[in-house]
Every structure is written in structure tokens, then in C-alpha cells.
$ cat upload.txt   # compact mmCIF, C-alpha atoms
# COMPACT_ATOMS: atom_id res chain seq x y z
CA MET A 1 -47.86 -137.42 -24.84
CA PRO A 2 -46.52 -133.89 -24.46
CA THR A 3 -46.20 -132.57 -20.94
CA THR A 4 -48.70 -129.92 -19.92
CA VAL A 5 -48.78 -126.85 -17.74
CA SER A 6 -51.83 -125.26 -16.12
CA ALA A 7 -52.53 -121.55 -16.07
CA PRO A 8 -55.08 -119.93 -13.75
CA GLY A 9 -58.50 -120.09 -15.31
CA ASN A 10 -57.29 -122.03 -18.32
CA SER A 11 -57.18 -125.65 -19.29
CA PRO A 12 -53.73 -127.30 -19.36
CA GLN A 13 -51.66 -126.32 -22.38
CA PRO A 14 -48.89 -128.39 -24.00
CA THR A 15 -45.41 -127.10 -23.26
CA ALA A 16 -43.42 -126.02 -26.29
CA ARG A 17 -40.64 -128.42 -27.15
CA LEU A 18 -37.32 -126.76 -27.81
CA ALA A 19 -36.19 -127.18 -31.40
CA LEU A 20 -32.87 -128.88 -30.55
CA GLN A 21 -33.77 -130.57 -27.28
CA GLY A 22 -31.51 -133.58 -26.70
CA LYS A 23 -29.19 -132.75 -29.60
CA THR A 24 -25.43 -132.18 -29.47
CA ALA A 25 -23.85 -129.49 -31.65
CA LEU A 26 -20.22 -128.73 -32.42
CA VAL A 27 -19.60 -125.16 -33.63
CA THR A 28 -16.22 -124.07 -34.95
CA GLY A 29 -15.24 -120.43 -34.69
CA GLY A 30 -17.62 -120.24 -31.74
CA ALA A 31 -15.75 -117.69 -29.64
CA SER A 32 -17.09 -114.62 -31.44
CA GLY A 33 -19.22 -113.27 -34.25
CA ILE A 34 -21.56 -115.56 -36.15
CA GLY A 35 -20.21 -118.71 -34.49
CA GLU A 36 -20.88 -117.31 -31.03
CA ALA A 37 -24.41 -116.28 -32.01
CA ILE A 38 -25.10 -119.77 -33.38
CA ALA A 39 -23.77 -121.42 -30.22
CA ARG A 40 -25.97 -119.19 -28.06
CA ARG A 41 -29.10 -119.86 -30.14
CA PHE A 42 -28.55 -123.61 -30.27
CA HIS A 43 -27.97 -123.72 -26.52
CA ALA A 44 -31.15 -121.70 -25.92
CA GLU A 45 -33.04 -124.23 -28.04
CA GLY A 46 -31.94 -127.11 -25.81
CA ALA A 47 -28.78 -128.40 -27.47
CA ALA A 48 -25.58 -129.37 -25.73
CA VAL A 49 -22.94 -127.24 -27.42
CA ALA A 50 -19.20 -127.62 -27.91
CA LEU A 51 -17.33 -124.55 -29.15
CA PHE A 52 -14.04 -125.01 -30.97
CA ASP A 53 -11.90 -121.93 -31.52
CA ARG A 54 -8.25 -120.90 -31.48
CA ASN A 55 -9.24 -117.99 -29.22
CA PRO A 56 -10.60 -118.40 -25.68
CA VAL A 57 -14.28 -117.65 -25.16
CA SER A 58 -15.34 -114.69 -23.06
CA ASP A 59 -16.22 -115.06 -19.38
CA LYS A 60 -19.71 -113.81 -20.25
CA LEU A 61 -20.25 -116.62 -22.74
CA ARG A 62 -18.90 -119.20 -20.28
CA GLU A 63 -21.39 -118.01 -17.69
CA GLU A 64 -24.25 -118.00 -20.16
CA LEU A 65 -23.54 -121.52 -21.42
CA VAL A 66 -22.49 -122.92 -18.07
CA GLU A 67 -24.68 -126.01 -18.54
CA ARG A 68 -24.47 -128.48 -21.45
CA SER A 69 -21.34 -126.93 -22.92
CA ARG A 70 -17.68 -127.57 -23.64
CA PHE A 71 -15.06 -125.02 -24.69
CA LEU A 72 -12.32 -126.49 -26.85
CA GLN A 73 -9.34 -124.37 -27.83
CA GLY A 74 -7.50 -125.47 -30.94
CA ASP A 75 -6.44 -124.81 -34.51
CA VAL A 76 -8.96 -125.87 -37.17
CA SER A 77 -6.15 -126.29 -39.69
CA GLU A 78 -4.38 -128.96 -37.60
CA GLU A 79 -5.85 -132.38 -38.30
CA SER A 80 -4.89 -133.94 -34.96
CA GLN A 81 -6.55 -131.09 -33.06
CA VAL A 82 -9.67 -131.35 -35.20
CA ARG A 83 -9.88 -135.09 -34.58
CA ASP A 84 -9.41 -134.57 -30.85
CA GLY A 85 -12.09 -131.87 -30.77
CA VAL A 86 -14.65 -134.12 -32.43
CA THR A 87 -13.71 -137.05 -30.20
CA GLN A 88 -13.92 -134.97 -27.03
CA THR A 89 -17.33 -133.62 -28.00
CA PHE A 90 -18.71 -137.10 -28.56
CA ALA A 91 -17.15 -138.39 -25.34
CA ALA A 92 -18.58 -135.51 -23.31
CA PHE A 93 -22.17 -135.79 -24.51
CA GLY A 94 -22.48 -139.30 -25.97
CA SER A 95 -23.69 -138.07 -29.36
CA LEU A 96 -22.96 -135.67 -32.17
CA ASP A 97 -25.97 -134.51 -34.15
CA ILE A 98 -25.04 -131.10 -35.61
CA LEU A 99 -21.80 -129.71 -37.00
CA VAL A 100 -21.44 -126.04 -37.91
CA ASN A 101 -18.25 -125.15 -39.76
CA CYS A 102 -18.00 -121.43 -39.08
CA ALA A 103 -14.30 -120.73 -38.51
CA GLY A 104 -12.89 -118.46 -41.18
CA VAL A 105 -10.24 -115.91 -42.11
CA GLU A 106 -10.05 -113.29 -44.83
CA GLU A 107 -6.86 -112.13 -46.52
CA SER A 108 -7.04 -109.61 -49.36
CA GLY A 109 -5.01 -109.73 -52.55
CA THR A 110 -5.01 -110.72 -56.20
CA VAL A 111 -3.39 -113.98 -57.25
CA VAL A 112 -0.30 -111.97 -58.15
CA GLU A 113 -0.18 -110.20 -54.79
CA LEU A 114 -0.93 -113.16 -52.53
CA SER A 115 1.89 -115.32 -51.30
CA SER A 116 1.43 -119.05 -51.63
CA ALA A 117 1.62 -119.31 -47.83
CA THR A 118 -1.28 -116.88 -47.42
CA TRP A 119 -3.31 -118.72 -50.05
CA ASP A 120 -2.68 -122.03 -48.28
CA HIS A 121 -3.63 -120.54 -44.90
CA VAL A 122 -6.97 -119.23 -46.18
CA MET A 123 -7.77 -122.56 -47.80
CA ALA A 124 -6.73 -124.46 -44.67
CA VAL A 125 -9.00 -122.49 -42.36
CA ASN A 126 -11.96 -121.81 -44.64
CA LEU A 127 -12.18 -125.01 -46.68
CA ARG A 128 -9.87 -127.77 -45.48
CA ALA A 129 -11.11 -127.39 -41.89
CA ALA A 130 -14.69 -128.02 -43.02
CA PHE A 131 -13.48 -131.18 -44.76
CA LEU A 132 -11.58 -132.32 -41.66
CA PHE A 133 -14.37 -131.72 -39.16
CA SER A 134 -16.85 -133.43 -41.47
CA LYS A 135 -14.47 -136.35 -42.02
CA TYR A 136 -14.31 -137.11 -38.31
CA ALA A 137 -17.86 -136.10 -37.36
CA ILE A 138 -19.88 -138.01 -39.95
CA PRO A 139 -18.93 -141.52 -38.71
CA LEU A 140 -20.27 -140.53 -35.27
CA MET A 141 -23.56 -139.11 -36.56
CA GLN A 142 -26.84 -140.97 -36.63
CA ALA A 143 -29.70 -140.50 -39.10
CA GLY A 144 -31.10 -137.03 -38.59
CA GLY A 145 -27.67 -135.44 -38.40
CA ALA A 146 -27.13 -132.00 -39.91
CA ILE A 147 -24.00 -130.26 -41.15
CA ILE A 148 -23.95 -126.55 -41.93
CA HIS A 149 -21.08 -124.82 -43.69
CA ILE A 150 -20.90 -121.06 -43.21
CA SER A 151 -19.95 -119.80 -46.66
CA SER A 152 -20.49 -116.22 -47.90
CA ILE A 153 -22.12 -114.19 -50.63
CA ASP A 154 -18.54 -114.10 -51.94
CA ALA A 155 -19.22 -117.64 -53.15
CA LEU A 156 -21.88 -116.19 -55.47
CA VAL A 157 -20.47 -112.80 -56.44
CA SER A 158 -16.84 -111.72 -56.36
CA TYR A 159 -14.97 -108.64 -55.26
CA ALA A 160 -11.71 -107.29 -56.64
CA GLY A 161 -8.64 -108.32 -54.71
CA ASN A 162 -10.28 -111.14 -52.78
CA ALA A 163 -9.05 -114.17 -54.70
CA ALA A 164 -8.30 -116.61 -51.89
CA TYR A 165 -11.34 -115.84 -49.75
CA ASP A 166 -13.78 -115.96 -52.67
CA ALA A 167 -12.32 -119.24 -53.95
CA SER A 168 -12.46 -120.84 -50.51
CA LYS A 169 -16.08 -119.84 -49.93
CA ALA A 170 -17.13 -121.04 -53.38
CA GLY A 171 -15.40 -124.33 -52.61
CA LEU A 172 -17.62 -124.73 -49.56
CA LEU A 173 -20.72 -124.71 -51.76
CA ALA A 174 -19.32 -127.47 -53.98
CA LEU A 175 -18.37 -129.43 -50.86
CA THR A 176 -21.91 -128.95 -49.53
CA ARG A 177 -23.46 -130.43 -52.64
CA THR A 178 -21.24 -133.49 -52.90
CA MET A 179 -21.46 -134.25 -49.16
CA ALA A 180 -25.26 -134.09 -49.37
CA ILE A 181 -25.20 -136.64 -52.17
CA ASP A 182 -22.65 -138.90 -50.50
CA HIS A 183 -24.30 -139.04 -47.07
CA GLY A 184 -27.99 -138.47 -47.74
CA ARG A 185 -28.86 -142.19 -47.59
CA ALA A 186 -27.38 -142.24 -44.09
CA GLY A 187 -29.91 -139.60 -43.09
CA ILE A 188 -27.36 -136.80 -42.81
CA ARG A 189 -28.29 -133.45 -44.34
CA VAL A 190 -25.66 -130.95 -45.50
CA ASN A 191 -26.40 -127.31 -46.27
CA ALA A 192 -24.62 -123.96 -46.38
CA ILE A 193 -25.42 -120.41 -45.36
CA CYS A 194 -24.15 -117.46 -47.38
CA PRO A 195 -24.16 -114.39 -45.14
CA GLY A 196 -23.63 -110.90 -46.51
CA TYR A 197 -22.40 -107.96 -44.46
CA ILE A 198 -22.99 -109.00 -40.85
CA ASP A 199 -22.19 -106.80 -37.86
CA THR A 200 -19.36 -108.80 -36.30
CA PRO A 201 -15.92 -107.96 -34.89
CA LEU A 202 -14.44 -108.96 -38.26
CA LEU A 203 -16.57 -106.40 -40.12
CA ALA A 204 -15.96 -103.76 -37.47
CA GLY A 205 -12.24 -104.27 -37.93
CA TRP A 206 -12.58 -103.73 -41.67
CA PHE A 207 -14.56 -100.54 -41.13
CA ALA A 208 -11.90 -99.30 -38.70
CA ARG A 209 -9.19 -99.68 -41.33
CA THR A 210 -11.00 -97.45 -43.84
CA GLU A 211 -10.40 -93.72 -44.14
CA ASN A 212 -13.81 -92.82 -42.72
CA PRO A 213 -15.29 -95.77 -40.77
CA GLY A 214 -18.61 -94.09 -40.04
CA GLN A 215 -19.18 -93.14 -43.67
CA THR A 216 -18.12 -96.58 -44.85
CA ARG A 217 -20.70 -98.17 -42.55
CA ARG A 218 -23.40 -95.85 -43.87
CA ASP A 219 -22.42 -96.54 -47.47
CA VAL A 220 -22.46 -100.30 -46.95
CA SER A 221 -25.81 -100.13 -45.15
CA ALA A 222 -27.29 -98.18 -48.07
CA LEU A 223 -26.36 -100.96 -50.51
CA HIS A 224 -28.93 -103.25 -48.94
CA PRO A 225 -32.60 -103.16 -50.01
CA LEU A 226 -33.44 -103.50 -46.29
CA GLY A 227 -31.29 -100.45 -45.61
CA ARG A 228 -29.05 -101.95 -42.95
CA ILE A 229 -26.29 -104.42 -42.15
CA GLY A 230 -27.32 -107.82 -40.82
CA ARG A 231 -26.96 -109.10 -37.27
CA ALA A 232 -25.20 -112.29 -36.19
CA ASP A 233 -28.36 -113.54 -34.47
CA GLU A 234 -30.17 -113.37 -37.83
CA VAL A 235 -27.64 -115.79 -39.30
CA ALA A 236 -28.07 -117.94 -36.19
CA ALA A 237 -31.81 -118.10 -36.85
CA ALA A 238 -31.11 -119.44 -40.34
CA ALA A 239 -28.70 -121.99 -38.88
CA LEU A 240 -31.33 -123.10 -36.38
CA PHE A 241 -33.77 -123.72 -39.23
CA LEU A 242 -31.25 -125.82 -41.15
CA ALA A 243 -30.26 -127.76 -38.02
CA SER A 244 -33.83 -128.50 -36.93
CA ASN A 245 -36.49 -130.87 -38.19
CA GLU A 246 -38.24 -127.89 -39.81
CA SER A 247 -35.83 -128.38 -42.74
CA ALA A 248 -36.01 -132.17 -42.84
CA PHE A 249 -36.33 -132.30 -46.65
CA ILE A 250 -33.69 -129.69 -47.40
CA THR A 251 -30.16 -130.77 -48.28
CA GLY A 252 -27.41 -129.92 -50.74
CA THR A 253 -28.28 -126.25 -51.06
CA HIS A 254 -27.44 -122.84 -49.64
CA LEU A 255 -29.45 -120.17 -47.88
CA VAL A 256 -28.52 -116.54 -48.57
CA VAL A 257 -28.80 -114.19 -45.60
CA ASP A 258 -27.82 -110.81 -47.01
CA GLY A 259 -30.70 -108.35 -46.73
CA GLY A 260 -31.31 -108.59 -50.48
CA LEU A 261 -27.81 -107.44 -51.42
CA THR A 262 -27.14 -110.03 -54.10
CA ALA A 263 -30.69 -109.74 -55.46
CA ARG A 264 -30.09 -106.02 -55.97
CA GLY A 265 -26.74 -106.53 -57.66
CA LEU A 266 -23.45 -105.10 -56.45
$ encode --input "upload.txt" --output "C-alpha cells"
Amino acid sequence: MPTTVSAPGNSPQPTARLALQGKTALVTGGASGIGEAIARRFHAEGAAVALFDRNPVSDKLREELVERSRFLQGDVSEESQVRDGVTQTFAAFGSLDILVNCAGVEESGTVVELSSATWDHVMAVNLRAAFLFSKYAIPLMQAGGAIIHISSIDALVSYAGNAAYDASKAGLLALTRTMAIDHGRAGIRVNAICPGYIDTPLLAGWFARTENPGQTRRDVSALHPLGRIGRADEVAAAALFLASNESAFITGTHLVVDGGLTARGL
């Protein structure tokens, strides 16, 4: 029976159950941007949340997530640190129900311009890390587990001079599909999100490097049928849907969160 609350003059009403109550989530790249927004939203919906990032989280975020949280600093491209992060999360909360692979880097260049070291670094952070975290998380997950890879619209459409990033994000979609097939019978769902232009520190940094940052922002906003750039909390809302029981029959696919950009054509 659901618990009830009474309001003056009204009959008792059932209390709303939080979407992730009793769940444990591990979010990589959780110190800023989309990862931070996902961690905040999951925590607000009742989940215990572990954040794994090479950068320390802000004091504000620590204060906000003071309960049911762990902050793990490490390198997603180092297998031993990944394994330790997954193990520590499970040890702290006694379960691991949701994994969000959000950590990512972007390095521009054609295949001629890119060094092999840069190519390897992008693949290590954007694609290999998702493999590693999944490798160590899945054996700890029970039926009902959910894995979400944060890919990009760059997995669907490509930009000039973005060879490594585009290839890594496209690889995440292939990984999503095969993981969904391999682990579906265990009750583990695997999906991806493909964000477009989202207002994050990463995007702000790109704007700042252009000749006219304000005009660049306006131009990019105008590309979208909705007439604006997306917000990190809007990607977090999509992640909440894919992590919750509301998407119980959805696996092996991707959700595009781009304000209609790819529908319009670039």
C-alpha cells in the first residue's frame, strides 16, 4: 500500500514515489555539464549517486548532494581506476542499478592532421571508458539495471575536421546495440542519448575561441527549429526516462535531444 498524507479538508492522498527511489547510480564525467545535471536529477529522484571524474566537484555540488552520494576522482581511461570506482560504488551502497557513461573529450582535426596519440586519447575517454565501466558494472547489476551511454548527434551526422570525436560517438551507438542484445536476458537495458548543442562549459569554451563568441552563439541558436541551444537539465530529463521504469521496454536504441537540429538538416 502506498503511504498517504492528509491535507486540510481533503481525504488522504497517496504520496508520489520518486522515480529512482532505492536505486544506485554511477555517473562518469559528473563534475560538470551534462554529467553534473544528470547526477543532480537522479539524486533529486531518490537515487544514491556516485560521481566519477578526473576533476574535483564543486563545493556547491557537494553541499547539494551531501546525502546518498560519493565523489570519486579518477581517470576513465585507466582500467584499474575504473574497476576501483565501480567496486567502491557497490561497496558504499550495496547495489549498482544505473550506469551513465558521460565522460568525454573533443579534439578537432582530420585523419591527416590528428596525431595517433590524440586519436587514441579520444577513443580511450569517449569509447573505451564506456566499455570498461560496463565491463565491471554489469556483473554487479541485477535485473532492472540500466546503462546509458551519452553519445552525440555527431554519431548521426558528421562535421568537417572532427574525425576522432565523430568516430568515437558513432562507436558508442554500435556498442549500445550489441550490449542490449548480449545482456537483455539478464534484465539489463542499454540505451544511448545523442545530445546536440547543449549549454555547457565545453560549448562555452568553444564559443570563446571563435572570432565573435556572441554572434556564434546566435548563429548556432538560429540553426535549431526551436530557436535556441539546449540545457543540460533537458538531457538529464531524457536520462531519467531511460533510467526509470517508464522505459521498461526500451533497449538497444538512442534518443536524440537536439531541438530538431538533425531533423532540419545541417
$ atom_distance --input "upload.txt" --atom1 "CA of Ile98 (chain A)" --atom2 "CA of Ile229 (chain A)"
27.5 Å
$ residues_around --input "upload.txt" --residues "Pro201 (chain A)" --least-positions-apart "6" --cutoff "12 Å" --atoms "only C-alpha atoms" --output "JSON, numbers by chain"
{"A": [31, 32, 33, 34, 35, 36, 207, 208, 231, 232]}
$ residues_around --input "upload.txt" --residues "Ala243 (chain A)" --least-positions-apart "3" --cutoff "7 Å" --atoms "all atoms listed in the file" --output "number ranges by chain"
A: 98, 146, 239-240
$ residues_around --input "upload.txt" --residues "Gly94 (chain A)" --least-positions-apart "2" --cutoff "12 Å" --atoms "only C-alpha atoms" --output "list in words"
Gly22, Lys23, Thr24, Ala25, Ala48, Arg68, Val86, Thr87, Gln88, Thr89, Phe90, Ala91, Ala92, Leu96, Asp97, Leu140, Met141 and Gln142 of chain A
$ atom_distance --input "upload.txt" --atom1 "CA of Lys169 (chain A)" --atom2 "CA of His149 (chain A)"
9.4 Å
$ closest_residue --input "upload.txt" --among "A:Ser58, A:Ser115, A:Thr253, A:Ser80" --to "Ile148 (chain A)" --atoms "only C-alpha atoms"
A:Thr253
$ atom_distance --input "upload.txt" --atom1 "CA of Val49 (chain A)" --atom2 "CA of Ala248 (chain A)"
20.8 Å
$ closest_residue --input "upload.txt" --among "A:Arg177, A:Gly196, A:Arg40, A:Ala47" --to "Glu63 (chain A)" --atoms "only C-alpha atoms"
A:Arg40
$ residues_around --input "upload.txt" --residues "Leu172 (chain A)" --least-positions-apart "6" --cutoff "8 Å" --atoms "all atoms listed in the file" --output "MDAnalysis selection string"
chainID A and resid 127 130 149 151 192
$ build_atoms --input "upload.txt" --residues "region 15-42 of chain A" --atoms "N, CA and C atoms" --output "compact mmCIF listing (two decimals), in the coordinates of the input"
# COMPACT_ATOMS: atom_id res chain seq x y z
N THR A 15 -46.63 -127.92 -23.30
CA THR A 15 -45.41 -127.10 -23.26
C THR A 15 -44.73 -127.16 -24.62
N ALA A 16 -44.12 -126.06 -25.01
CA ALA A 16 -43.42 -126.02 -26.29
C ALA A 16 -42.13 -126.80 -26.17
N ARG A 17 -41.88 -127.66 -27.13
CA ARG A 17 -40.64 -128.42 -27.15
C ARG A 17 -39.57 -127.59 -27.84
N LEU A 18 -38.41 -127.50 -27.22
CA LEU A 18 -37.32 -126.76 -27.81
C LEU A 18 -36.85 -127.45 -29.09
N ALA A 19 -36.47 -126.66 -30.07
CA ALA A 19 -36.19 -127.18 -31.40
C ALA A 19 -35.03 -128.17 -31.44
N LEU A 20 -34.05 -128.01 -30.53
CA LEU A 20 -32.87 -128.88 -30.55
C LEU A 20 -32.72 -129.65 -29.24
N GLN A 21 -33.81 -129.85 -28.55
CA GLN A 21 -33.77 -130.57 -27.28
C GLN A 21 -33.15 -131.95 -27.47
N GLY A 22 -32.14 -132.27 -26.65
CA GLY A 22 -31.51 -133.58 -26.70
C GLY A 22 -30.46 -133.74 -27.78
N LYS A 23 -30.20 -132.69 -28.54
CA LYS A 23 -29.19 -132.75 -29.60
C LYS A 23 -27.84 -132.24 -29.08
N THR A 24 -26.78 -132.67 -29.75
CA THR A 24 -25.43 -132.18 -29.47
C THR A 24 -24.90 -131.48 -30.72
N ALA A 25 -24.38 -130.27 -30.54
CA ALA A 25 -23.85 -129.49 -31.65
C ALA A 25 -22.40 -129.12 -31.40
N LEU A 26 -21.60 -129.18 -32.44
CA LEU A 26 -20.22 -128.73 -32.42
C LEU A 26 -20.11 -127.54 -33.37
N VAL A 27 -19.68 -126.40 -32.84
CA VAL A 27 -19.60 -125.16 -33.63
C VAL A 27 -18.15 -124.70 -33.66
N THR A 28 -17.57 -124.60 -34.84
CA THR A 28 -16.22 -124.07 -34.95
C THR A 28 -16.29 -122.55 -35.09
N GLY A 29 -15.22 -121.88 -34.67
CA GLY A 29 -15.24 -120.43 -34.69
C GLY A 29 -16.29 -119.87 -33.75
N GLY A 30 -16.51 -120.58 -32.64
CA GLY A 30 -17.62 -120.24 -31.74
C GLY A 30 -17.32 -119.20 -30.69
N ALA A 31 -16.12 -118.63 -30.69
CA ALA A 31 -15.75 -117.69 -29.64
C ALA A 31 -16.25 -116.27 -29.89
N SER A 32 -16.64 -115.97 -31.14
CA SER A 32 -17.09 -114.62 -31.44
C SER A 32 -17.92 -114.62 -32.70
N GLY A 33 -18.53 -113.48 -32.99
CA GLY A 33 -19.22 -113.27 -34.25
C GLY A 33 -20.37 -114.23 -34.51
N ILE A 34 -20.46 -114.68 -35.74
CA ILE A 34 -21.56 -115.56 -36.15
C ILE A 34 -21.51 -116.88 -35.40
N GLY A 35 -20.32 -117.44 -35.21
CA GLY A 35 -20.21 -118.71 -34.49
C GLY A 35 -20.73 -118.60 -33.07
N GLU A 36 -20.39 -117.52 -32.40
CA GLU A 36 -20.88 -117.31 -31.03
C GLU A 36 -22.39 -117.19 -31.01
N ALA A 37 -22.96 -116.45 -31.96
CA ALA A 37 -24.41 -116.28 -32.01
C ALA A 37 -25.10 -117.62 -32.25
N ILE A 38 -24.52 -118.45 -33.12
CA ILE A 38 -25.10 -119.77 -33.38
C ILE A 38 -25.04 -120.64 -32.13
N ALA A 39 -23.90 -120.63 -31.45
CA ALA A 39 -23.77 -121.42 -30.22
C ALA A 39 -24.81 -120.99 -29.19
N ARG A 40 -24.98 -119.70 -29.02
CA ARG A 40 -25.97 -119.19 -28.06
C ARG A 40 -27.39 -119.64 -28.43
N ARG A 41 -27.74 -119.51 -29.70
CA ARG A 41 -29.10 -119.86 -30.14
C ARG A 41 -29.36 -121.35 -30.00
N PHE A 42 -28.38 -122.16 -30.39
CA PHE A 42 -28.55 -123.61 -30.27
C PHE A 42 -28.70 -124.01 -28.81
